[in-house]
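**Q** What follows is the file my_file_23.cif, containing mmCIF, C-alpha atoms:
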```
data_work
loop_
_atom_site.label_atom_id
_atom_site.label_comp_id
_atom_site.auth_asym_id
_atom_site.auth_seq_id
_atom_site.Cartn_x
_atom_site.Cartn_y
_atom_site.Cartn_z
CA MET A 781 -28.68 6.02 27.03
CA ARG A 782 -31.89 4.02 26.79
CA ILE A 783 -32.12 0.37 27.78
CA SER A 784 -32.09 -0.62 24.10
CA GLU A 785 -28.78 1.19 23.59
CA LEU A 786 -27.38 -0.36 26.78
CA SER A 787 -28.34 -3.73 25.31
CA ALA A 788 -26.74 -2.95 21.94
CA GLN A 789 -23.53 -1.74 23.56
CA THR A 790 -23.09 -4.72 25.90
CA GLY A 791 -24.64 -7.53 23.86
CA VAL A 792 -26.93 -8.38 26.78
CA THR A 793 -30.59 -8.68 25.72
CA VAL A 794 -33.18 -6.24 27.11
CA PRO A 795 -35.13 -9.00 28.96
CA THR A 796 -31.87 -10.15 30.59
CA ILE A 797 -31.02 -6.57 31.63
CA LYS A 798 -34.53 -6.27 33.12
CA TYR A 799 -33.96 -9.53 34.97
CA TYR A 800 -30.69 -8.20 36.46
CA LEU A 801 -32.52 -5.01 37.49
CA ARG A 802 -35.27 -7.05 39.21
CA GLU A 803 -32.66 -9.25 40.92
CA GLY A 804 -30.89 -6.15 42.22
CA LEU A 805 -27.63 -6.99 40.42
CA LEU A 806 -27.77 -3.86 38.26
CA PRO A 807 -28.65 -0.51 39.86
CA GLU A 808 -31.77 1.24 38.54
CA GLY A 809 -31.24 3.83 35.80
CA GLU A 810 -32.19 7.45 36.29
CA ARG A 811 -35.97 7.83 35.77
CA THR A 812 -36.79 10.24 32.93
CA ALA A 813 -40.49 9.32 32.72
CA PRO A 814 -42.73 6.89 34.65
CA THR A 815 -41.87 4.05 32.25
CA GLN A 816 -38.46 5.20 31.06
CA ALA A 817 -34.99 5.39 32.57
CA THR A 818 -31.60 6.39 31.31
CA TYR A 819 -28.40 4.40 31.82
CA GLY A 820 -24.75 5.42 31.89
CA GLU A 821 -21.20 4.11 31.67
CA ARG A 822 -21.33 2.56 35.14
CA HIS A 823 -24.21 0.36 33.94
CA VAL A 824 -22.12 -0.75 30.97
CA GLU A 825 -19.23 -1.63 33.24
CA ARG A 826 -21.43 -3.33 35.84
CA LEU A 827 -23.04 -5.47 33.12
CA ARG A 828 -19.58 -6.63 32.02
CA VAL A 829 -18.72 -7.64 35.58
CA ILE A 830 -22.06 -9.45 36.06
CA ARG A 831 -21.59 -11.44 32.85
CA ALA A 832 -18.03 -12.37 33.78
CA LEU A 833 -19.09 -13.58 37.23
CA LEU A 834 -22.04 -15.59 35.91
CA ASP A 835 -19.87 -17.05 33.14
CA ALA A 836 -17.38 -18.10 35.84
CA ARG A 837 -20.25 -20.21 37.29
CA VAL A 838 -20.75 -17.87 40.24
CA SER A 839 -24.44 -18.14 41.22
CA ILE A 840 -26.90 -15.22 41.06
CA ALA A 841 -26.95 -15.00 44.88
CA GLU A 842 -23.15 -15.07 45.12
CA THR A 843 -22.86 -12.53 42.31
CA ARG A 844 -25.17 -10.21 44.25
CA ARG A 845 -22.93 -10.53 47.32
CA VAL A 846 -19.73 -10.00 45.29
CA LEU A 847 -21.25 -6.82 43.81
CA GLU A 848 -22.22 -5.68 47.29
CA ALA A 849 -18.61 -6.18 48.36
CA LEU A 850 -17.51 -4.14 45.33
CA ASP A 851 -19.94 -1.35 46.28
CA ALA A 852 -19.26 -1.39 50.01
CA ALA A 853 -15.53 -1.11 49.39
CA PRO A 854 -14.07 -1.45 52.89
CA ALA A 855 -11.13 0.91 53.27
CA ASN A 856 -8.77 -1.87 54.28
CA ALA A 857 -7.61 -4.28 51.56
CA HIS A 858 -7.53 -7.17 54.02
CA ASP A 859 -11.18 -6.65 55.02
CA LEU A 860 -12.08 -6.31 51.37
CA LEU A 861 -10.54 -9.68 50.58
CA GLY A 862 -12.51 -11.17 53.47
CA ALA A 863 -15.74 -9.67 52.09
CA ALA A 864 -15.02 -11.01 48.60
CA HIS A 865 -14.31 -14.48 49.96
CA ALA A 866 -17.36 -14.42 52.21
CA ALA A 867 -19.51 -13.56 49.18
CA VAL A 868 -18.59 -16.78 47.41
CA THR A 869 -18.08 -19.09 50.40
CA PRO A 870 -21.01 -21.00 51.92
CA PRO A 871 -21.49 -20.31 55.64
CA LEU A 872 -19.74 -22.65 58.03
CA ASP A 873 -21.90 -25.76 58.70
CA GLU A 874 -22.37 -26.48 62.35
CA GLY A 875 -20.52 -29.57 63.34
CA LEU A 876 -17.98 -29.34 60.54
CA ASP A 877 -14.68 -30.56 61.99
CA LEU A 878 -11.97 -28.02 61.22
CA ALA A 879 -9.09 -29.87 62.89
CA ASP A 880 -7.70 -31.54 59.73
CA ALA A 881 -8.14 -28.33 57.75
CA GLU A 882 -6.30 -26.34 60.42
CA ARG A 883 -3.41 -28.80 60.46
CA LEU A 884 -3.22 -28.64 56.66
CA VAL A 885 -3.28 -24.85 56.30
CA ALA A 886 -0.59 -24.45 58.94
CA GLY A 887 1.62 -25.32 55.95
CA LEU A 888 0.44 -22.06 54.33
CA GLY A 889 1.64 -19.98 57.26
CA TRP A 890 -1.87 -19.88 58.73
CA ARG A 891 -2.27 -19.47 62.48
CA PRO A 892 -5.45 -19.76 64.60
CA GLY A 893 -7.73 -16.74 64.20
CA MET A 894 -5.90 -15.54 61.11
CA CYS A 895 -8.71 -15.90 58.58
CA ASP A 896 -12.45 -16.12 58.21
CA PRO A 897 -13.57 -19.53 59.60
CA ALA A 898 -15.88 -19.91 56.57
CA VAL A 899 -12.85 -20.03 54.26
CA LEU A 900 -11.29 -22.65 56.50
CA GLY A 901 -14.63 -24.45 56.28
CA ASP A 902 -14.18 -24.62 52.50
CA VAL A 903 -10.90 -26.49 53.03
CA ALA A 904 -12.62 -28.83 55.52
CA ARG A 905 -15.50 -29.49 53.09
CA ALA A 906 -13.05 -30.20 50.26
CA LEU A 907 -11.12 -32.67 52.46
CA ALA A 908 -14.37 -34.33 53.56
CA GLY A 909 -15.46 -34.66 49.92
CA LEU A 910 -12.20 -36.39 49.01
CA GLU A 911 -12.48 -38.71 51.98
CA ARG A 912 -16.10 -39.64 51.18
CA ALA A 913 -15.00 -40.58 47.67
CA GLY A 914 -12.19 -42.70 49.11
CA PHE A 915 -9.58 -40.48 47.47
CA ALA A 916 -6.41 -39.48 49.31
CA VAL A 917 -3.97 -36.82 48.16
CA SER A 918 -0.55 -38.41 48.57
CA ASP A 919 2.20 -37.09 50.82
CA ASP A 920 4.25 -36.35 47.71
CA VAL A 921 1.55 -34.17 46.16
CA MET A 922 0.04 -32.25 49.09
CA PRO A 923 3.20 -30.22 49.83
CA VAL A 924 3.21 -29.13 46.18
CA TYR A 925 -0.41 -27.92 46.53
CA LEU A 926 0.46 -25.93 49.66
CA ASP A 927 3.63 -24.48 48.19
CA SER A 928 1.86 -23.49 44.97
CA ALA A 929 -1.09 -21.93 46.80
CA ARG A 930 1.26 -19.84 48.89
CA LYS A 931 3.38 -18.73 45.89
CA ILE A 932 0.25 -17.81 43.92
CA ALA A 933 -1.23 -15.85 46.82
CA ASP A 934 2.04 -14.04 47.53
CA ALA A 935 2.32 -12.87 43.92
CA GLU A 936 -1.34 -11.84 43.85
CA ILE A 937 -1.32 -9.94 47.13
CA ALA A 938 1.98 -8.24 46.27
CA GLY A 939 0.18 -6.89 43.19
CA VAL A 940 -2.80 -5.31 44.99
CA PRO A 941 -2.79 -1.75 43.61
CA SER A 942 -2.30 0.91 46.25
CA GLU A 943 -2.88 4.00 44.09
CA SER A 944 -6.67 4.00 44.38
CA ALA A 945 -9.27 2.29 46.54
CA GLU A 946 -11.36 1.53 43.47
CA ALA A 947 -8.47 -0.20 41.73
CA ALA A 948 -7.79 -2.26 44.86
CA VAL A 949 -11.45 -3.25 45.10
CA ARG A 950 -11.62 -4.42 41.50
CA TYR A 951 -8.33 -6.28 41.81
CA VAL A 952 -9.18 -8.11 45.00
CA VAL A 953 -12.87 -8.86 44.42
CA LEU A 954 -12.64 -9.82 40.75
CA GLY A 955 -9.16 -11.33 40.97
CA SER A 956 -10.01 -13.70 43.78
CA VAL A 957 -13.14 -15.03 42.05
CA LEU A 958 -12.69 -14.61 38.30
CA VAL A 959 -9.21 -16.09 38.15
CA GLU A 960 -10.39 -19.45 39.54
CA PRO A 961 -11.57 -20.87 36.18
CA LEU A 962 -8.24 -19.85 34.62
CA LEU A 963 -6.23 -21.63 37.31
CA LEU A 964 -8.30 -24.82 36.96
CA ALA A 965 -8.05 -24.73 33.17
CA LEU A 966 -4.27 -24.22 33.31
CA ARG A 967 -3.97 -27.21 35.66
CA ARG A 968 -5.91 -29.39 33.21
CA VAL A 969 -3.69 -28.40 30.29
CA ALA A 970 -0.58 -28.95 32.42
CA GLN A 971 -1.89 -32.39 33.42
CA GLN A 972 -2.31 -33.33 29.75
CA VAL A 973 1.19 -32.08 28.97
CA ALA A 974 2.74 -33.95 31.92
CA SER A 975 0.70 -37.05 31.05
CA ALA A 976 1.77 -36.94 27.39
CA GLU A 977 5.36 -36.75 28.58
CA ARG A 978 5.04 -39.63 31.06
CA PHE A 979 2.72 -41.95 29.17
CA GLY A 980 3.69 -41.00 25.63
CA GLY A 981 0.19 -39.97 24.60
CA ALA A 982 -0.49 -39.37 20.93
CA GLU A 983 0.84 -36.08 19.55
CA HIS A 984 -0.78 -35.27 16.24
CA MET B 320 -28.71 -55.73 50.70
CA ARG B 321 -32.06 -54.00 50.19
CA ILE B 322 -32.36 -50.39 49.11
CA SER B 323 -33.25 -49.42 52.71
CA GLU B 324 -29.99 -50.94 53.96
CA LEU B 325 -28.04 -49.26 51.15
CA SER B 326 -29.60 -46.00 52.33
CA ALA B 327 -28.73 -46.65 55.98
CA GLN B 328 -25.15 -47.58 55.13
CA THR B 329 -24.45 -44.56 52.92
CA GLY B 330 -26.63 -41.90 54.52
CA VAL B 331 -28.29 -41.24 51.14
CA THR B 332 -32.09 -41.25 51.35
CA VAL B 333 -34.10 -43.89 49.45
CA PRO B 334 -35.80 -41.30 47.17
CA THR B 335 -32.37 -39.86 46.30
CA ILE B 336 -31.01 -43.35 45.53
CA LYS B 337 -34.05 -43.93 43.28
CA TYR B 338 -33.36 -40.62 41.58
CA TYR B 339 -29.74 -41.65 40.88
CA LEU B 340 -31.00 -45.00 39.51
CA ARG B 341 -33.45 -43.19 37.18
CA GLU B 342 -30.73 -40.75 36.08
CA GLY B 343 -28.44 -43.67 35.26
CA LEU B 344 -25.77 -42.58 37.74
CA LEU B 345 -26.13 -45.72 39.84
CA PRO B 346 -26.34 -49.14 38.12
CA GLU B 347 -29.52 -51.16 38.72
CA GLY B 348 -29.41 -53.70 41.54
CA GLU B 349 -29.91 -57.38 40.88
CA ARG B 350 -33.66 -58.10 40.57
CA THR B 351 -34.89 -60.58 43.16
CA ALA B 352 -38.60 -59.99 42.53
CA PRO B 353 -40.56 -57.77 40.12
CA THR B 354 -40.49 -54.89 42.61
CA GLN B 355 -37.36 -55.75 44.56
CA ALA B 356 -33.65 -55.62 43.88
CA THR B 357 -30.55 -56.34 45.88
CA TYR B 358 -27.50 -54.07 46.08
CA GLY B 359 -23.85 -54.76 46.84
CA GLU B 360 -20.54 -53.16 47.82
CA ARG B 361 -20.05 -51.57 44.41
CA HIS B 362 -23.30 -49.65 44.90
CA VAL B 363 -22.01 -48.37 48.25
CA GLU B 364 -18.78 -47.24 46.66
CA ARG B 365 -20.49 -45.74 43.62
CA LEU B 366 -22.83 -43.75 45.89
CA ARG B 367 -19.81 -42.31 47.72
CA VAL B 368 -18.26 -41.20 44.44
CA ILE B 369 -21.56 -39.68 43.21
CA ARG B 370 -21.99 -37.68 46.41
CA ALA B 371 -18.41 -36.45 46.31
CA LEU B 372 -18.75 -35.28 42.69
CA LEU B 373 -22.08 -33.54 43.29
CA ASP B 374 -20.71 -31.93 46.46
CA ALA B 375 -17.79 -30.64 44.38
CA ARG B 376 -20.45 -28.78 42.28
CA VAL B 377 -20.05 -31.15 39.34
CA SER B 378 -23.44 -31.18 37.54
CA ILE B 379 -25.60 -34.30 37.18
CA ALA B 380 -24.79 -34.49 33.45
CA GLU B 381 -21.05 -34.09 34.08
CA THR B 382 -21.19 -36.63 36.92
CA ARG B 383 -22.80 -39.12 34.53
CA ARG B 384 -19.96 -38.58 32.04
CA VAL B 385 -17.27 -38.87 34.75
CA LEU B 386 -18.80 -42.17 35.88
CA GLU B 387 -18.87 -43.37 32.27
CA ALA B 388 -15.15 -42.53 32.05
CA LEU B 389 -14.60 -44.53 35.26
CA ASP B 390 -16.51 -47.48 33.81
CA ALA B 391 -15.03 -47.36 30.31
CA ALA B 392 -11.49 -47.33 31.78
CA PRO B 393 -9.34 -46.82 28.69
CA ALA B 394 -6.20 -48.93 28.96
CA ASN B 395 -3.91 -45.94 28.50
CA ALA B 396 -3.60 -43.46 31.40
CA HIS B 397 -3.23 -40.55 28.98
CA ASP B 398 -6.51 -41.40 27.19
CA LEU B 399 -8.14 -41.84 30.56
CA LEU B 400 -7.13 -38.35 31.65
CA GLY B 401 -8.52 -37.03 28.37
CA ALA B 402 -11.83 -38.81 29.01
CA ALA B 403 -12.04 -37.43 32.56
CA HIS B 404 -11.34 -33.90 31.35
CA ALA B 405 -13.79 -34.21 28.47
CA ALA B 406 -16.48 -35.28 30.93
CA VAL B 407 -16.27 -32.01 32.85
CA THR B 408 -15.30 -29.64 30.03
CA PRO B 409 -17.97 -27.99 27.88
CA PRO B 410 -17.55 -28.66 24.15
CA LEU B 411 -15.51 -26.14 22.17
CA ASP B 412 -17.75 -23.25 21.05
CA GLU B 413 -17.48 -22.50 17.36
CA GLY B 414 -15.69 -19.25 16.76
CA LEU B 415 -13.83 -19.30 20.08
CA ASP B 416 -10.40 -17.81 19.37
CA LEU B 417 -7.73 -20.11 20.76
CA ALA B 418 -4.71 -17.99 19.78
CA ASP B 419 -4.21 -16.25 23.14
CA ALA B 420 -4.81 -19.50 25.03
CA GLU B 421 -2.26 -21.29 22.83
CA ARG B 422 0.34 -18.60 23.43
CA LEU B 423 -0.31 -18.78 27.16
CA VAL B 424 -0.12 -22.57 27.55
CA ALA B 425 3.11 -22.69 25.58
CA GLY B 426 4.51 -21.67 28.97
CA LEU B 427 3.29 -25.03 30.32
CA GLY B 428 5.30 -26.96 27.75
CA TRP B 429 2.23 -27.34 25.54
CA ARG B 430 2.73 -27.77 21.79
CA PRO B 431 0.08 -27.73 19.03
CA GLY B 432 -1.96 -30.96 18.95
CA MET B 433 -0.77 -32.01 22.38
CA CYS B 434 -4.10 -31.93 24.20
CA ASP B 435 -7.84 -32.00 23.73
CA PRO B 436 -8.91 -28.71 22.08
CA ALA B 437 -11.87 -28.56 24.52
CA VAL B 438 -9.45 -28.20 27.45
CA LEU B 439 -7.67 -25.43 25.57
CA GLY B 440 -11.12 -23.92 25.04
CA ASP B 441 -11.53 -23.77 28.81
CA VAL B 442 -8.39 -21.60 29.02
CA ALA B 443 -9.71 -19.39 26.19
CA ARG B 444 -13.10 -19.02 27.90
CA ALA B 445 -11.42 -18.12 31.21
CA LEU B 446 -9.28 -15.48 29.47
CA ALA B 447 -12.32 -14.08 27.65
CA GLY B 448 -14.23 -13.87 30.95
CA LEU B 449 -11.41 -11.89 32.55
CA GLU B 450 -11.21 -9.58 29.55
CA ARG B 451 -14.98 -8.97 29.52
CA ALA B 452 -14.77 -7.96 33.18
CA GLY B 453 -11.91 -5.61 32.38
CA PHE B 454 -9.54 -7.62 34.58
CA ALA B 455 -5.98 -8.32 33.51
CA VAL B 456 -3.62 -10.78 35.20
CA SER B 457 -0.34 -8.90 35.53
CA ASP B 458 2.94 -9.95 33.97
CA ASP B 459 4.29 -10.55 37.47
CA VAL B 460 1.51 -12.95 38.41
CA MET B 461 0.85 -14.96 35.24
CA PRO B 462 4.27 -16.71 35.24
CA VAL B 463 3.54 -17.82 38.82
CA TYR B 464 0.22 -19.34 37.68
CA LEU B 465 1.94 -21.21 34.85
CA ASP B 466 4.82 -22.40 36.99
CA SER B 467 2.47 -23.58 39.75
CA ALA B 468 0.14 -25.37 37.32
CA ARG B 469 3.08 -27.20 35.83
CA LYS B 470 4.56 -28.18 39.23
CA ILE B 471 1.16 -29.39 40.47
CA ALA B 472 0.54 -31.43 37.32
CA ASP B 473 4.03 -32.95 37.39
CA ALA B 474 3.59 -34.12 40.98
CA GLU B 475 0.11 -35.47 40.24
CA ILE B 476 1.02 -37.32 37.06
CA ALA B 477 4.20 -38.75 38.65
CA GLY B 478 1.86 -40.28 41.26
CA VAL B 479 -0.49 -42.10 38.85
CA PRO B 480 -0.46 -45.65 40.22
CA SER B 481 0.83 -48.23 37.78
CA GLU B 482 0.07 -51.40 39.78
CA SER B 483 -3.54 -51.73 38.65
CA ALA B 484 -5.75 -50.23 35.96
CA GLU B 485 -8.53 -49.71 38.48
CA ALA B 486 -6.28 -47.72 40.81
CA ALA B 487 -5.08 -45.57 37.89
CA VAL B 488 -8.67 -44.89 36.84
CA ARG B 489 -9.74 -43.79 40.29
CA TYR B 490 -6.66 -41.65 40.72
CA VAL B 491 -6.93 -39.86 37.40
CA VAL B 492 -10.70 -39.43 37.14
CA LEU B 493 -11.37 -38.49 40.74
CA GLY B 494 -8.10 -36.67 41.30
CA SER B 495 -8.50 -34.37 38.34
CA VAL B 496 -12.02 -33.32 39.32
CA LEU B 497 -12.39 -33.74 43.08
CA VAL B 498 -9.18 -31.97 44.00
CA GLU B 499 -10.32 -28.70 42.35
CA PRO B 500 -12.32 -27.42 45.36
CA LEU B 501 -9.35 -28.17 47.62
CA LEU B 502 -6.95 -26.20 45.44
CA LEU B 503 -9.31 -23.21 45.27
CA ALA B 504 -9.91 -23.31 49.03
CA LEU B 505 -6.16 -23.49 49.74
CA ARG B 506 -5.61 -20.46 47.48
CA ARG B 507 -8.23 -18.49 49.42
CA VAL B 508 -6.64 -19.30 52.78
CA ALA B 509 -3.19 -18.47 51.38
CA GLN B 510 -4.53 -15.14 50.08
CA GLN B 511 -5.85 -14.28 53.54
CA VAL B 512 -2.53 -15.23 55.12
CA ALA B 513 -0.52 -13.21 52.56
CA SER B 514 -2.95 -10.31 52.92
CA ALA B 515 -2.73 -10.35 56.73
CA GLU B 516 1.04 -10.23 56.36
CA ARG B 517 1.03 -7.37 53.85
CA PHE B 518 -1.85 -5.27 55.16
CA GLY B 519 -1.59 -6.18 58.82
CA GLY B 520 -5.14 -7.49 59.03
CA ALA B 521 -6.55 -8.21 62.46
CA GLU B 522 -5.22 -11.33 64.12
CA HIS B 523 -7.37 -12.35 67.03
#
```
Any chance you could give the structure as structure tokens?
**A**
Amino acid sequence: MRISELSAQTGVTVPTIKYYLREGLLPEGERTAPTQATYGERHVERLRVIRALLDARVSIAETRRVLEALDAAPANAHDLLGAAHAAVTPPLDEGLDLADAERLVAGLGWRPGMCDPAVLGDVARALAGLERAGFAVSDDVMPVYLDSARKIADAEIAGVPSESAEAAVRYVVLGSVLVEPLLLALRRVAQQVASAERFGGAEH
Amino acid sequence: MRISELSAQTGVTVPTIKYYLREGLLPEGERTAPTQATYGERHVERLRVIRALLDARVSIAETRRVLEALDAAPANAHDLLGAAHAAVTPPLDEGLDLADAERLVAGLGWRPGMCDPAVLGDVARALAGLERAGFAVSDDVMPVYLDSARKIADAEIAGVPSESAEAAVRYVVLGSVLVEPLLLALRRVAQQVASAERFGGAEH
């Protein structure tokens, strides 16, 4: 199909499609003339994934790396997960102290060397951010965070499809990133429900 | 203290402090001369909160609204939570279909009218993003998300301090927003741990 049809079918404007092509997010179409190319189903699907990632506030640079992880498709699901995480995790800052983060994630079953240090760095950065703001997660709440994270991850990893590499890639790469806004939104609704129950907020 | 001392004490450069003043994130200091102002402890603390919010990828505009929620300090903790959520939640798009989101959050104990429709809109947007990307959360995993969100919220809301309004404000406003990066980072580590266990990833 032509770029105009690709646009009509996906609802993404032609200038935006051209921008994704320039940014290397969308692979080039097949050239049919010096100024014309033809696009197929994989462009339609790729555009859907790009829009979903950008809508989930993933940056252009991170989206490019997530798509690279999708395309590279390491054979091993564990390596794939690492690639997906690395795509959306800033590199480890030198001098970031990981000791508190390591102590904390021991509660997840983590042991030294078990995961990408950059992902551990994300925990350390989050803890440092809380500390800078003078906010402490209480000893009653932190175990609930750890327990919930572990239960969520167990259910998710148990569901990694084993019938095809492509299905596993989509599940791991998109599931680890795209589900984040859903989890945060569910927490906010649950907070309002729990708050209404405790503080008797207005129910219209 | 002078702006240079405020900078030295917080590690935020003078041009950045001036930027926050212009953007209305940081209240003006007390004028001591036409071109000089003096700053106090509340500026130090406010700068810490601003940095923590921006580090947590909250936008400048959202940070301004979170700080307004901190300053307005509604008397009722439930209203306060609503104000904090509203500050970081985009307004409800017209035409966004909330039916699926409403069905889903019923599993959190939510009932019609119980929470800010904008927060429900966040759930609907997250679901729409997943659908656009052709990603479905399985029936085995979704109940775990709901159960975890509810357990997390219950623990958090049970911990809202009741001894002072100021403590409640800090807890609710900062806790609801600043904890998000920690929760996402813990999920990523837990996924790597669960994945190493299932797929026998390398352990160095």
**Q** Kindly extract all protein, DNA and RNA residues lying within 12 Å of the coordinates (-18.4, 1.6, 28.6) given in the file, considering all atoms listed in the file, and supply them as a count of residues only.
**A** 21
**Q** Could you tell me, as a list of chain:residue names, exactly which residues end up selected when the PyMOL selection byres ((chain A and resi 803-818) around 6) is applied to this structure?
**A**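 In the shown coordinates, the PyMOL selection byres ((chain A and resi 803-818) around 6) covers A:Met781, A:Arg782, A:Tyr800, A:Leu801, A:Arg802, A:Tyr819, A:Arg844.
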**Q** Report as a PyMOL selection string the residues that result from applying the PyMOL selection byres ((chain B) within 7 of (chain A)) to the structure here.
**A** chain B and resi 367-368+371+374+396-397+427-429+432-434+438-439+441-442+445-446+448-449+451-452+460+463-464+467-469+471-476+497+499-515+518+520+522-523
**Q** Any idea what the distance is between atom CA of Ala948 of chain A and atom CA of Leu860 of chain A?
**A**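 Calculated distance between atom CA of Ala948 of chain A and atom CA of Leu860 of chain A is 8.8 Å.
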**Q** Could you state the separation of atom CA of Lys337 of chain B and atom CA of Leu389 of chain B in Å, given to one decimal place?
**A**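 The value is 21.0 Å.
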**Q** Provide the atom CA of Leu386 of chain B to atom CA of Asp873 of chain A distance in Å, to one decimal place.
**A**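 Taking atom CA of Leu386 of chain B as the start and atom CA of Asp873 of chain A as the end point, the length is 28.3 Å.
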**Q** Would you mind telling me which residue in B:Ala418, B:Ala391, B:Val492, B:Ile322 lies nearest to Thr335 of chain B when using only C-alpha atoms?
**A** B:Ile322
